[in-house]
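The file data.txt contains compact mmCIF, C-alpha atoms and all ligand atoms:
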# COMPACT_ATOMS: atom_id res chain seq x y z
CA MET A 1 93.70 243.52 115.63
CA ASN A 2 90.80 242.05 117.62
CA PRO A 3 87.21 243.14 116.91
CA TYR A 4 87.06 245.23 120.09
CA GLN A 5 90.14 247.29 119.13
CA GLN A 6 88.82 247.61 115.59
CA LYS A 7 85.48 248.88 116.86
CA ARG A 8 87.21 251.39 119.11
CA ARG A 9 89.39 252.65 116.28
CA TRP A 10 86.31 253.09 114.09
CA LYS A 11 84.49 254.90 116.86
CA TYR A 12 87.34 257.37 117.38
CA SER A 13 87.86 257.95 113.64
CA LEU A 14 84.16 258.62 113.14
CA LEU A 15 84.10 260.93 116.15
CA ALA A 16 87.11 262.85 114.82
CA PHE A 17 85.43 263.10 111.42
CA ALA A 18 82.22 264.40 113.01
CA VAL A 19 84.20 267.03 114.95
CA VAL A 20 85.94 268.14 111.73
CA ILE A 21 82.59 268.45 109.90
CA ALA A 22 80.94 270.32 112.78
CA SER A 23 83.80 272.77 113.28
CA GLY A 24 84.20 273.27 109.52
CA SER A 25 80.53 274.13 109.25
CA LEU A 26 80.68 276.48 112.27
CA LEU A 27 83.83 278.21 111.01
CA TYR A 28 82.40 278.75 107.55
CA THR A 29 79.12 280.14 108.87
CA ASN A 30 81.09 282.36 111.21
CA TYR A 31 83.03 283.67 108.24
CA LEU A 32 79.77 284.39 106.36
CA VAL A 33 78.28 286.09 109.42
CA LYS A 34 81.33 288.34 109.73
CA ASN A 35 81.18 289.30 106.05
CA ILE A 36 77.49 290.12 106.21
CA ALA A 37 77.95 292.05 109.47
CA THR A 38 80.62 294.21 107.81
CA SER A 39 78.38 294.85 104.83
CA GLU A 40 75.49 295.73 107.15
CA ARG A 41 77.65 298.27 108.98
CA THR A 42 78.58 299.81 105.65
CA ARG A 43 74.89 300.08 104.78
CA ALA A 44 74.14 301.76 108.10
CA GLN A 45 77.01 304.19 107.45
CA VAL A 46 75.71 304.98 103.98
CA TRP A 47 72.28 305.53 105.46
CA ALA A 48 73.71 307.90 108.09
CA LEU A 49 75.57 309.82 105.42
CA SER A 50 72.46 310.05 103.26
CA MET A 51 70.71 311.79 106.12
CA LYS A 52 73.37 314.46 106.14
CA GLN A 53 72.93 314.93 102.40
CA VAL A 54 69.16 315.24 102.72
CA PHE A 55 69.56 318.24 104.98
CA ALA A 56 72.40 319.78 102.95
CA SER A 57 70.92 319.72 99.46
CA ASP A 58 67.94 321.20 97.57
CA ASP A 59 68.52 319.24 94.39
CA ASN A 60 65.36 317.13 93.97
CA ASP A 61 66.91 314.59 91.61
CA PHE A 62 69.78 314.10 93.97
CA LEU A 63 67.43 313.75 96.92
CA ASN A 64 65.31 311.17 95.08
CA TYR A 65 68.46 309.25 94.42
CA VAL A 66 69.43 309.45 98.09
CA PHE A 67 65.97 308.25 99.16
CA ALA A 68 66.18 305.33 96.73
CA VAL A 69 69.52 304.32 98.17
CA ARG A 70 68.16 304.66 101.71
CA ASP A 71 65.14 302.47 101.06
CA SER A 72 67.25 299.70 99.64
CA LEU A 73 69.17 299.35 102.90
CA THR A 74 67.51 296.72 105.05
CA VAL A 75 69.32 297.09 108.37
CA PRO A 76 66.91 298.10 111.16
CA ALA A 77 68.06 301.44 112.64
CA ILE A 78 67.03 304.26 115.00
CA VAL A 79 68.46 307.77 114.85
CA VAL A 80 68.59 309.97 117.94
CA ASP A 81 69.93 313.51 118.27
CA ASP A 82 72.53 314.73 120.76
CA LYS A 83 69.86 314.99 123.46
CA GLY A 84 68.82 311.38 122.92
CA GLU A 85 65.54 312.48 121.26
CA PHE A 86 64.14 310.18 118.61
CA LYS A 87 64.63 311.39 115.03
CA TYR A 88 64.14 308.57 112.55
CA LYS A 89 63.60 304.84 112.39
CA LYS A 90 63.74 302.26 109.67
CA GLY A 91 63.25 298.52 109.19
CA LEU A 92 61.22 298.22 112.40
CA ASP A 93 57.64 297.19 113.05
CA SER A 94 55.67 299.72 111.01
CA THR A 95 52.48 299.30 113.06
CA LYS A 96 54.25 300.77 116.07
CA THR A 97 55.57 304.27 116.27
CA PHE A 98 57.70 305.96 118.83
CA ILE A 99 57.20 309.61 118.72
CA ALA A 100 54.66 312.02 119.94
CA ILE A 101 55.02 314.07 116.74
CA GLU A 102 53.91 311.18 114.57
CA ALA A 103 51.08 310.51 117.01
CA GLU A 104 50.02 314.14 116.92
CA GLU A 105 49.93 314.16 113.11
CA ASN A 106 47.85 311.03 113.04
CA PRO A 107 45.69 310.48 116.12
CA ASN A 108 45.12 306.83 115.15
CA ILE A 109 48.77 306.03 115.77
CA LYS A 110 49.57 304.99 119.30
CA TYR A 111 52.77 306.20 120.90
CA ASP A 112 54.70 303.15 122.00
CA THR A 113 57.68 304.24 124.10
CA ALA A 114 58.24 300.78 125.56
CA TYR A 115 58.86 299.34 122.11
CA PHE A 116 61.16 302.23 121.21
CA ARG A 117 63.25 301.80 124.40
CA HIS A 118 63.42 298.06 123.94
CA GLU A 119 64.57 298.30 120.33
CA LEU A 120 67.06 301.05 121.10
CA ASN A 121 68.56 299.06 123.97
CA SER A 122 68.95 295.93 121.90
CA MET A 123 70.68 298.02 119.20
CA LYS A 124 72.99 299.62 121.77
CA GLU A 125 74.00 296.13 122.94
CA GLN A 126 74.81 294.94 119.44
CA HIS A 127 76.85 297.71 117.77
CA GLU A 128 78.66 300.98 118.33
CA PRO A 129 76.51 303.84 116.93
CA ILE A 130 77.54 305.70 113.78
CA LYS A 131 78.05 309.43 114.36
CA VAL A 132 76.89 311.94 111.78
CA THR A 133 76.75 315.74 111.98
CA VAL A 134 73.41 317.11 110.82
CA LEU A 135 72.31 320.74 111.13
CA ASN A 136 75.26 321.50 113.42
CA SER A 137 74.39 318.83 115.95
CA GLN A 138 75.65 315.34 116.30
CA TRP A 139 73.16 312.55 115.64
CA LEU A 140 73.70 308.93 116.52
CA VAL A 141 72.60 306.13 114.24
CA TYR A 142 71.96 302.91 116.16
CA TYR A 143 71.36 299.75 114.14
CA LYS A 144 71.00 296.06 114.67
CA ASP A 145 71.59 292.85 112.71
CA SER A 146 69.10 292.15 109.96
CA ALA A 147 66.72 289.21 110.38
CA LEU A 148 68.76 287.33 107.76
CA LEU A 149 71.98 287.71 109.72
CA THR A 150 70.33 286.60 112.97
CA GLN A 151 68.94 283.53 111.27
CA LEU A 152 72.31 282.74 109.75
CA LYS A 153 73.97 282.88 113.17
CA PHE A 154 71.66 280.14 114.49
CA PHE A 155 71.57 278.14 111.30
CA PRO A 156 74.61 275.86 111.90
CA TYR A 157 73.40 274.91 115.39
CA ILE A 158 69.95 274.01 114.09
CA GLN A 159 71.42 272.14 111.14
CA LEU A 160 73.91 270.20 113.27
CA SER A 161 71.25 269.26 115.84
CA VAL A 162 68.95 267.95 113.12
CA ILE A 163 71.81 265.90 111.64
CA ALA A 164 72.79 264.60 115.10
CA ILE A 165 69.20 263.51 115.84
CA PHE A 166 69.00 261.82 112.46
CA LEU A 167 72.31 259.97 112.95
CA LEU A 168 71.37 258.90 116.46
CA THR A 169 68.05 257.47 115.30
CA ALA A 170 69.72 255.68 112.39
CA TYR A 171 72.45 254.31 114.66
CA THR A 172 69.92 253.02 117.21
CA ALA A 173 67.84 251.35 114.52
CA PHE A 174 70.85 249.69 112.85
CA SER A 175 72.50 248.60 116.06
CA SER A 176 69.31 247.03 117.41
CA SER A 177 68.76 245.15 114.16
CA ARG A 178 72.41 244.03 114.19
CA LYS A 179 72.06 242.87 117.79
CA SER A 180 69.01 240.79 117.01
CA GLU A 181 70.90 239.25 114.06
CA GLN A 182 73.84 238.42 116.34
CA ASN A 183 71.38 236.90 118.79
CA GLN A 184 69.98 234.60 116.16
CA VAL A 185 73.44 233.44 115.06
CA TRP A 186 74.58 232.82 118.61
CA VAL A 187 71.39 231.00 119.64
CA GLY A 188 71.46 228.89 116.45
CA LEU A 189 75.11 227.92 116.95
CA ALA A 190 74.58 227.05 120.60
CA LYS A 191 71.59 224.86 119.84
CA GLU A 192 73.33 223.12 116.94
CA THR A 193 76.41 222.44 119.12
CA ALA A 194 74.24 220.93 121.86
CA HIS A 195 72.46 218.80 119.28
CA GLN A 196 75.67 217.51 117.70
CA LEU A 197 77.31 216.76 121.05
CA GLY A 198 74.27 214.73 122.15
CA THR A 199 74.94 211.54 120.16
CA PRO A 200 78.65 210.99 120.98
CA ILE A 201 77.99 211.77 124.64
CA SER A 202 75.26 209.13 124.90
CA SER A 203 77.55 206.56 123.25
CA LEU A 204 80.42 207.50 125.58
CA MET A 205 78.12 206.98 128.56
CA ALA A 206 77.16 203.55 127.24
CA TRP A 207 80.83 202.63 126.69
CA ILE A 208 81.65 203.65 130.25
CA GLU A 209 78.83 201.48 131.62
CA LEU A 210 80.27 198.55 129.63
CA MET A 211 83.77 199.28 130.92
CA LYS A 212 82.51 199.43 134.48
CA ASP A 213 81.06 195.94 134.02
CA LYS A 214 84.20 194.61 132.39
CA PHE A 215 86.81 196.13 134.70
CA ASN A 216 86.58 196.61 138.40
CA ALA A 217 85.62 200.25 138.77
CA GLU A 218 86.30 200.31 142.49
CA LYS A 219 89.88 199.32 141.92
CA ASP A 220 90.31 201.45 138.89
CA PRO A 221 89.26 205.00 139.70
CA LEU A 222 90.34 206.08 136.23
CA ILE A 223 87.00 204.84 134.89
CA LEU A 224 85.18 206.93 137.48
CA GLU A 225 87.23 209.98 136.56
CA MET A 226 86.35 209.37 132.95
CA GLU A 227 82.70 209.06 133.88
CA ASN A 228 82.91 212.38 135.72
CA ASP A 229 84.33 214.10 132.70
CA VAL A 230 81.72 212.69 130.37
CA LYS A 231 79.03 213.85 132.81
CA ARG A 232 80.67 217.24 132.64
CA LEU A 233 80.45 217.14 128.87
CA GLU A 234 76.77 216.37 129.25
CA ILE A 235 76.36 219.45 131.43
CA VAL A 236 78.16 221.58 128.83
CA ALA A 237 75.82 220.31 126.11
CA ASP A 238 72.88 220.99 128.41
CA ARG A 239 74.05 224.61 128.93
CA PHE A 240 74.24 225.18 125.22
CA SER A 241 70.79 223.71 124.65
CA LYS A 242 69.34 226.12 127.22
CA ILE A 243 70.54 229.20 125.35
CA GLY A 244 67.78 230.94 123.49
CA SER A 245 64.87 229.28 125.26
CA ARG A 246 63.49 230.75 128.45
CA PRO A 247 65.19 228.68 131.18
CA VAL A 248 63.22 227.42 134.15
CA LEU A 249 64.31 229.12 137.37
CA GLU A 250 64.15 227.00 140.50
CA ASN A 251 64.02 228.42 144.00
CA ARG A 252 67.47 227.29 145.23
CA ASN A 253 69.75 227.84 148.18
CA VAL A 254 72.42 230.13 146.72
CA TYR A 255 75.13 229.13 149.16
CA GLU A 256 74.75 225.44 148.31
CA VAL A 257 74.82 226.00 144.56
CA VAL A 258 77.92 228.21 144.85
CA LYS A 259 79.64 225.79 147.23
CA ASP A 260 78.95 222.77 145.00
CA PHE A 261 80.38 224.47 141.95
CA THR A 262 83.39 225.91 143.76
CA ASP A 263 84.21 222.46 145.20
CA TYR A 264 84.07 221.01 141.71
CA PHE A 265 86.18 223.86 140.31
CA ARG A 266 88.89 224.19 142.97
CA VAL A 267 90.39 220.72 142.38
CA ARG A 268 90.90 221.57 138.73
CA VAL A 269 93.19 224.55 139.24
CA SER A 270 96.59 225.12 140.81
CA ASN A 271 96.63 224.43 144.53
CA ARG A 272 98.48 227.68 145.08
CA ILE A 273 95.11 229.35 144.81
CA THR A 274 92.93 229.17 147.93
CA PHE A 275 89.14 229.20 147.62
CA GLU A 276 86.70 230.33 150.24
CA VAL A 277 82.92 230.39 150.15
CA ARG A 278 81.31 232.27 153.00
CA GLY A 279 78.32 234.35 154.03
CA ASP A 280 74.61 233.77 154.40
CA THR A 281 73.86 230.05 154.14
CA ASN A 282 70.05 230.46 153.99
CA THR A 283 69.63 232.89 151.12
CA ARG A 284 67.53 231.67 148.22
CA ALA A 285 67.04 232.91 144.68
CA GLY A 286 65.53 231.73 141.40
CA LEU A 287 68.40 229.92 139.65
CA ASN A 288 68.86 227.81 136.60
CA VAL A 289 71.73 225.70 137.93
CA PRO A 290 73.46 224.69 134.65
CA LEU A 291 73.48 228.34 133.49
CA PHE A 292 74.39 229.75 136.87
CA ASP A 293 77.30 227.29 137.13
CA TRP A 294 78.46 228.67 133.81
CA VAL A 295 78.36 232.19 135.23
CA LEU A 296 80.41 231.10 138.23
CA GLU A 297 82.83 229.22 136.00
CA ASN A 298 83.52 232.30 133.89
CA LEU A 299 84.06 234.51 136.94
CA LEU A 300 86.26 231.96 138.72
CA LYS A 301 88.32 231.31 135.57
CA ASN A 302 88.89 235.04 135.13
CA ALA A 303 89.87 235.30 138.79
CA VAL A 304 92.35 232.45 138.34
CA ASN A 305 93.78 234.14 135.24
CA ALA A 306 94.13 237.42 137.11
CA ILE A 307 96.16 235.81 139.88
CA GLU A 308 99.65 235.38 138.57
CA ASP A 309 100.99 232.86 141.03
CA LYS A 310 99.55 232.60 144.48
CA GLY A 311 96.35 234.09 145.76
CA THR A 312 92.87 233.76 147.16
CA ILE A 313 89.42 233.70 145.58
CA THR A 314 86.52 234.42 147.91
CA VAL A 315 82.83 234.10 147.13
CA ASP A 316 80.73 236.00 149.62
CA ILE A 317 76.94 235.61 149.74
CA SER A 318 74.77 238.19 151.43
CA GLU A 319 71.20 239.43 151.43
CA SER A 320 69.80 242.91 151.82
CA LYS A 321 66.50 244.54 150.93
CA LYS A 322 65.17 241.47 149.11
CA GLN A 323 68.31 241.21 147.01
CA VAL A 324 70.93 238.49 147.04
CA PHE A 325 74.52 239.58 146.42
CA ILE A 326 77.16 237.15 145.27
CA ASP A 327 80.56 238.84 145.42
CA VAL A 328 83.48 237.11 143.72
CA THR A 329 86.74 238.62 144.97
CA ASP A 330 90.25 237.76 143.85
CA THR A 331 93.68 238.99 144.82
CA GLY A 332 94.76 239.34 141.20
CA LYS A 333 96.07 242.10 138.98
CA GLY A 334 92.95 244.27 139.15
CA ILE A 335 91.02 246.27 136.52
CA ALA A 336 91.49 249.98 135.77
CA ARG A 337 88.43 252.07 136.70
CA SER A 338 88.01 253.21 133.09
CA LYS A 339 87.56 249.56 132.05
CA PHE A 340 84.83 248.62 134.56
CA ASP A 341 82.15 248.65 131.83
CA THR A 342 84.42 247.73 128.93
CA VAL A 343 85.30 244.28 130.32
CA PHE A 344 81.71 243.21 129.57
CA GLN A 345 81.94 244.07 125.89
CA PRO A 346 82.34 241.12 123.54
CA GLY A 347 85.84 241.01 122.08
CA TYR A 348 87.56 242.91 124.89
CA THR A 349 90.44 240.84 126.21
CA THR A 350 93.92 241.37 127.61
CA ARG A 351 94.79 237.69 127.41
CA LYS A 352 96.86 236.24 124.56
CA ARG A 353 94.53 233.31 124.08
CA GLY A 354 91.35 234.93 125.28
CA TRP A 355 88.33 235.64 123.12
CA GLY A 356 86.88 238.28 125.37
CA LEU A 357 83.58 236.41 125.40
CA GLY A 358 83.44 235.09 128.98
CA LEU A 359 82.07 238.21 130.65
CA SER A 360 79.74 239.18 127.84
CA LEU A 361 78.13 235.72 128.05
CA THR A 362 78.07 235.97 131.82
CA LYS A 363 76.29 239.33 131.69
CA ARG A 364 73.77 237.88 129.29
CA MET A 365 73.08 234.88 131.49
CA VAL A 366 72.72 237.00 134.62
CA GLU A 367 70.60 239.74 133.05
CA ASN A 368 68.53 237.96 130.42
CA TYR A 369 68.06 234.58 132.08
CA HIS A 370 68.13 235.43 135.80
CA ASN A 371 66.75 238.99 135.71
CA GLY A 372 69.74 240.13 137.75
CA HIS A 373 72.68 242.50 137.43
CA ILE A 374 76.41 242.03 137.28
CA PHE A 375 79.06 244.71 137.58
CA VAL A 376 82.56 245.38 138.83
CA LYS A 377 81.94 246.40 142.42
CA ASP A 378 85.48 247.27 143.23
CA SER A 379 88.95 246.88 141.84
CA GLU A 380 92.41 248.18 142.43
CA LEU A 381 95.36 247.62 140.14
CA GLY A 382 97.80 245.15 141.67
CA LYS A 383 95.46 244.36 144.57
CA GLY A 384 92.41 242.55 143.26
CA THR A 385 88.86 242.74 141.98
CA THR A 386 85.31 242.11 143.19
CA PHE A 387 82.57 241.27 140.71
CA ARG A 388 79.07 241.51 142.15
CA ILE A 389 76.00 239.61 140.99
CA ALA A 390 72.71 240.94 142.33
CA LEU A 391 69.62 238.72 142.11
CA LYS A 392 66.11 239.01 143.45
CA ALA A 393 65.79 237.04 146.69
CA THR A 394 63.05 234.41 146.92
CA PRO A 395 61.35 233.35 150.19
CA HIS A 396 63.29 231.17 152.62
CA ASP A 397 62.15 227.66 153.56
CA ASN A 398 61.31 228.52 157.16
N1 LIG B 401 88.94 239.15 137.88
C1 LIG B 401 89.56 239.90 136.95
N2 LIG B 401 90.69 240.58 137.25
C2 LIG B 401 91.33 241.33 136.34
N3 LIG B 401 90.92 241.48 135.06
C3 LIG B 401 89.81 240.82 134.70
C4 LIG B 401 89.07 240.00 135.60
N4 LIG B 401 88.01 239.50 134.95
C5 LIG B 401 88.08 239.97 133.69
N5 LIG B 401 89.15 240.76 133.53
C6 LIG B 401 89.55 241.48 132.30
O1 LIG B 401 88.46 241.47 131.41
C7 LIG B 401 88.82 240.90 130.17
C8 LIG B 401 87.61 240.24 129.56
O2 LIG B 401 87.22 239.10 130.28
P1 LIG B 401 86.41 237.97 129.56
O3 LIG B 401 86.15 236.87 130.50
O4 LIG B 401 85.23 238.59 128.87
O5 LIG B 401 87.39 237.51 128.41
P2 LIG B 401 88.74 236.69 128.52
O6 LIG B 401 88.83 236.03 129.86
O7 LIG B 401 89.85 237.58 128.15
O8 LIG B 401 88.54 235.60 127.38
P3 LIG B 401 87.50 234.36 127.39
O9 LIG B 401 86.62 234.62 126.23
O10 LIG B 401 88.31 233.16 127.27
O11 LIG B 401 86.75 234.43 128.70
C9 LIG B 401 89.98 239.98 130.50
O12 LIG B 401 90.80 239.77 129.38
C10 LIG B 401 90.68 240.75 131.62
O13 LIG B 401 91.51 241.75 131.06
MG MG B 402 87.18 234.94 130.69
Would you mind writing the file's structure down as structure tokens?
Ligand SMILES: Nc1ncnc2c1ncn2[C@@H]1O[C@H](COP(=O)(O)OP(=O)(O)OP(=O)(O)O)[C@@H](O)[C@H]1O
Ligand SMILES: [Mg+2]
Amino acid sequence: MNPYQQKRRWKYSLLAFAVVIASGSLLYTNYLVKNIATSERTRAQVWALSMKQVFASDDNDFLNYVFAVRDSLTVPAIVVDDKGEFKYKKGLDSTKTFIAIEAEENPNIKYDTAYFRHELNSMKEQHEPIKVTVLNSQWLVYYKDSALLTQLKFFPYIQLSVIAIFLLTAYTAFSSSRKSEQNQVWVGLAKETAHQLGTPISSLMAWIELMKDKFNAEKDPLILEMENDVKRLEIVADRFSKIGSRPVLENRNVYEVVKDFTDYFRVRVSNRITFEVRGDTNTRAGLNVPLFDWVLENLLKNAVNAIEDKGTITVDISESKKQVFIDVTDTGKGIARSKFDTVFQPGYTTRKRGWGLGLSLTKRMVENYHNGHIFVKDSELGKGTTFRIALKATPHDN
């Protein structure tokens, strides 16, 4: 399994695990809430019954017992008679009172009808009232969830959000430290490779100069071909040495740079593939040519790989609103829309011998070293793909 697939599998397993934990926690809290709600209804019923007893009995001991039971019940409730007149309340804000009678008995108490209505309405919304017959009329006991139950209902959401924030912060911290570690490894390796290639390349160049003197290079183009390839090796080493240090960007004609590289590249692939470079020939942008050639090489190689047998690769250069666009279009197998972002992830490949590194390096070189953007502009399965590079335009010569 390649690292990309492994990462995806991990991601999905962890996601599934998180869903199991979250739903388990919600289900369990729901179960607790239901249990407590049932017990609160029972308490409200007992309280309603106790009221009946209070009016039916003269036994003081019994009444004291009933009052003790009543006071231990914590569910907030309001009792109204059959005409909707307020009778009793409990578990509500004791500084506010609802009835004129209470206000009459104690002139300091303010009659707060708004509060009474508000509380009664919220109780009506929450539960069916409990009916109890007192003194030959039917009273209704409205009640609402206790503060504890309300808190418990919200608890899992608060808890899960706190955990999610914590995990997100931890993930961001770890992934950024892992990225910077990867950066160091990749920069170190690139620099070391460039360094080690340096010596044999210089000797090869010297040998070629000697061979040119010894054999007639004009008559023997093989030596020139060899020289070309060694020069190429030198460019490769140069690319690697540029990784990690801020490359110098030169104000270059984009068309010319693209044309030069495409001309070099086209003779090295099957002649069943046609290349075309077209568009604005005056556009300029800040380019580091060795690195930008590498970008083009990766895109062109991918385009070649995507074309099974015969096809066309077009590079179109245009400028709009101070931006240069370089569109690389092929007539290959195409990329599914869901993979437009994924293709840039390191390790994602559909090729047997691919590493899935080409596009991730390309993205890095475009974004980090050229301050540009690269994305899949368009693609259709079986028809072809366009990758777009967007760079900041620099002033023209004229
Ligand atoms: N022009 C394209 N058309 C269709 N698919 C593409 C194209 N360019 C890239 N892809 C898809 O994106 C994948 C990743 O490309 P990338 O260049 O990163 O890796 P690779 O070409 O598979 O391997 P390598 O590391 O050798 O470049 C490819 O395997 C291919 O599936
Ligand atoms: Mg590639």
Spatial neighbours of Ala147 in chain A, 9 Å, only C-alpha atoms, chain gap at least 5 places, as a PDB file with C-alpha atoms, keeping the file's coordinate frame:
ATOM      1  CA  VAL A  75      69.320 297.090 108.370  1.00  0.00           C
ATOM      2  CA  PRO A  76      66.910 298.100 111.160  1.00  0.00           C
ATOM      3  CA  LEU A 152      72.310 282.740 109.750  1.00  0.00           C
TER       4      LEU A 152
END
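For the set A:Pro129, A:Leu299, A:Ala336, A:Gln159, the residue with the smallest atom-to-atom gap to Ser360 in chain A is A:Leu299, counting all atoms listed in the file.
For the residues A:Ile223, A:Val187, A:Leu49, A:Val230, ranking by smallest atom-to-atom distance to Ser202 in chain A using only C-alpha atoms places A:Val230 first.
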**OP:** Return as a ChimeraX atom specification the residues of protein, DNA or RNA that approach ligand MG 402 (chain B) to within 8 Å, with only C-alpha atoms and all ligand atoms taken into account.
**Re:** /A:298-299,301-302,354-359
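The shortest atom-to-atom distance to Pro395 in chain A, with only C-alpha atoms taken into account, belongs to A:Lys322 out of A:Lys322, A:His370, A:Lys11, A:Lys124.
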Original post:
Near range 22-38 of chain A, counting all atoms listed in the file, which residues have an atom at most 12 Å away, once you skip same-chain residues fewer than 4 positions from it, shown as a ChimeraX atom specification?
Top reply: /A:15-18,42-45,75,126-127,143-161,163-164
Original post:
Could you list, as a PyMOL selection string, all the residues within 9 Å of ligand LIG 401 (chain B), counting all atoms listed in the file?
Top reply: chain A and resi 298-307+328-336+339-340+342-362+376+379+381+384-387
Subject >> Contacts of Asn183 in chain A within 12 Å, all atoms listed in the file, excl. fewer than 6 positions in-chain, as a list of chain:residue names >> reply: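 Listing them by chain and then by number gives A:Ser176, A:Ser177, A:Leu189, A:Ala190, A:Ile243, A:Gly244, A:Ser245, A:Leu361, A:Arg364.
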**OP:** Report the distance between CA of Leu249 in chain A and CA of Arg178 in chain A in Å, rounded to one decimal place.
**Re:**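 Between these atoms lies a distance of 28.7 Å.
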Original post:
A:Phe240, A:Tyr255, A:Trp139, A:Phe215: which is nearest Val277 in chain A, counting only C-alpha atoms?
Top reply: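 Of the candidates, the smallest distance to Val277 in chain A is held by A:Tyr255.
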**OP:** To one decimal in Å, tell me the separation between CA of Arg266 in chain A and CA of Phe292 in chain A.
**Re:**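 If I compute the distance from CA of Arg266 in chain A to CA of Phe292 in chain A, I get 16.7 Å.
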**OP:** Provide the CA of Leu197 in chain A to CA of Ala237 in chain A distance in Å, to one decimal place.
**Re:**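 CA of Ala237 in chain A lies 6.4 Å from CA of Leu197 in chain A.
For Val254 in chain A, the residues within 9 Å (counting all atoms listed in the file, excluding itself and residues fewer than 4 positions away along the chain) are Val258, Lys259, Asp280, Thr281, Asn282, Thr283, Arg284, Ala285, Gly286, Leu287, Ile317, Val324 and Ile326 of chain A.
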File dump, residues just selected, C-alpha atoms, as an mmCIF file, in the coordinates of the input:
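Generated output (selection25.cif):
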data_model
loop_
_atom_site.group_PDB
_atom_site.id
_atom_site.type_symbol
_atom_site.label_atom_id
_atom_site.label_comp_id
_atom_site.auth_asym_id
_atom_site.auth_seq_id
_atom_site.Cartn_x
_atom_site.Cartn_y
_atom_site.Cartn_z
ATOM 1 C CA VAL A 258 77.920 228.210 144.850
ATOM 2 C CA LYS A 259 79.640 225.790 147.230
ATOM 3 C CA ASP A 280 74.610 233.770 154.400
ATOM 4 C CA THR A 281 73.860 230.050 154.140
ATOM 5 C CA ASN A 282 70.050 230.460 153.990
ATOM 6 C CA THR A 283 69.630 232.890 151.120
ATOM 7 C CA ARG A 284 67.530 231.670 148.220
ATOM 8 C CA ALA A 285 67.040 232.910 144.680
ATOM 9 C CA GLY A 286 65.530 231.730 141.400
ATOM 10 C CA LEU A 287 68.400 229.920 139.650
ATOM 11 C CA ILE A 317 76.940 235.610 149.740
ATOM 12 C CA VAL A 324 70.930 238.490 147.040
ATOM 13 C CA ILE A 326 77.160 237.150 145.270
#
**OP:** Would you mind telling me which residue in A:Phe265, A:Glu380, A:Phe375, A:Ser137 lies nearest to Lys83 in chain A when using all atoms listed in the file?
**Re:**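 Of all the options, A:Ser137 lies closest to Lys83 in chain A.
Nearest residue to Lys90 in chain A among A:Asp309, A:Glu319, A:Glu119, A:Glu209 is A:Glu119, counting all atoms listed in the file.
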Original post:
Need the neighbours of (68.0, 312.4, 120.7): which residues are at most 12 Å away, counting all atoms listed in the file, as a ChimeraX atom specification?
Top reply: /A:78-88,99,120,137-142
**OP:** Could you pull out every residue with an atom within 12 Å of (80.2, 217.4, 130.8), file coordinates, counting only C-alpha atoms, and send them as an MDAnalysis selection string?
**Re:** chainID A and resid 194 197:198 200:202 204:205 225:240 290 294
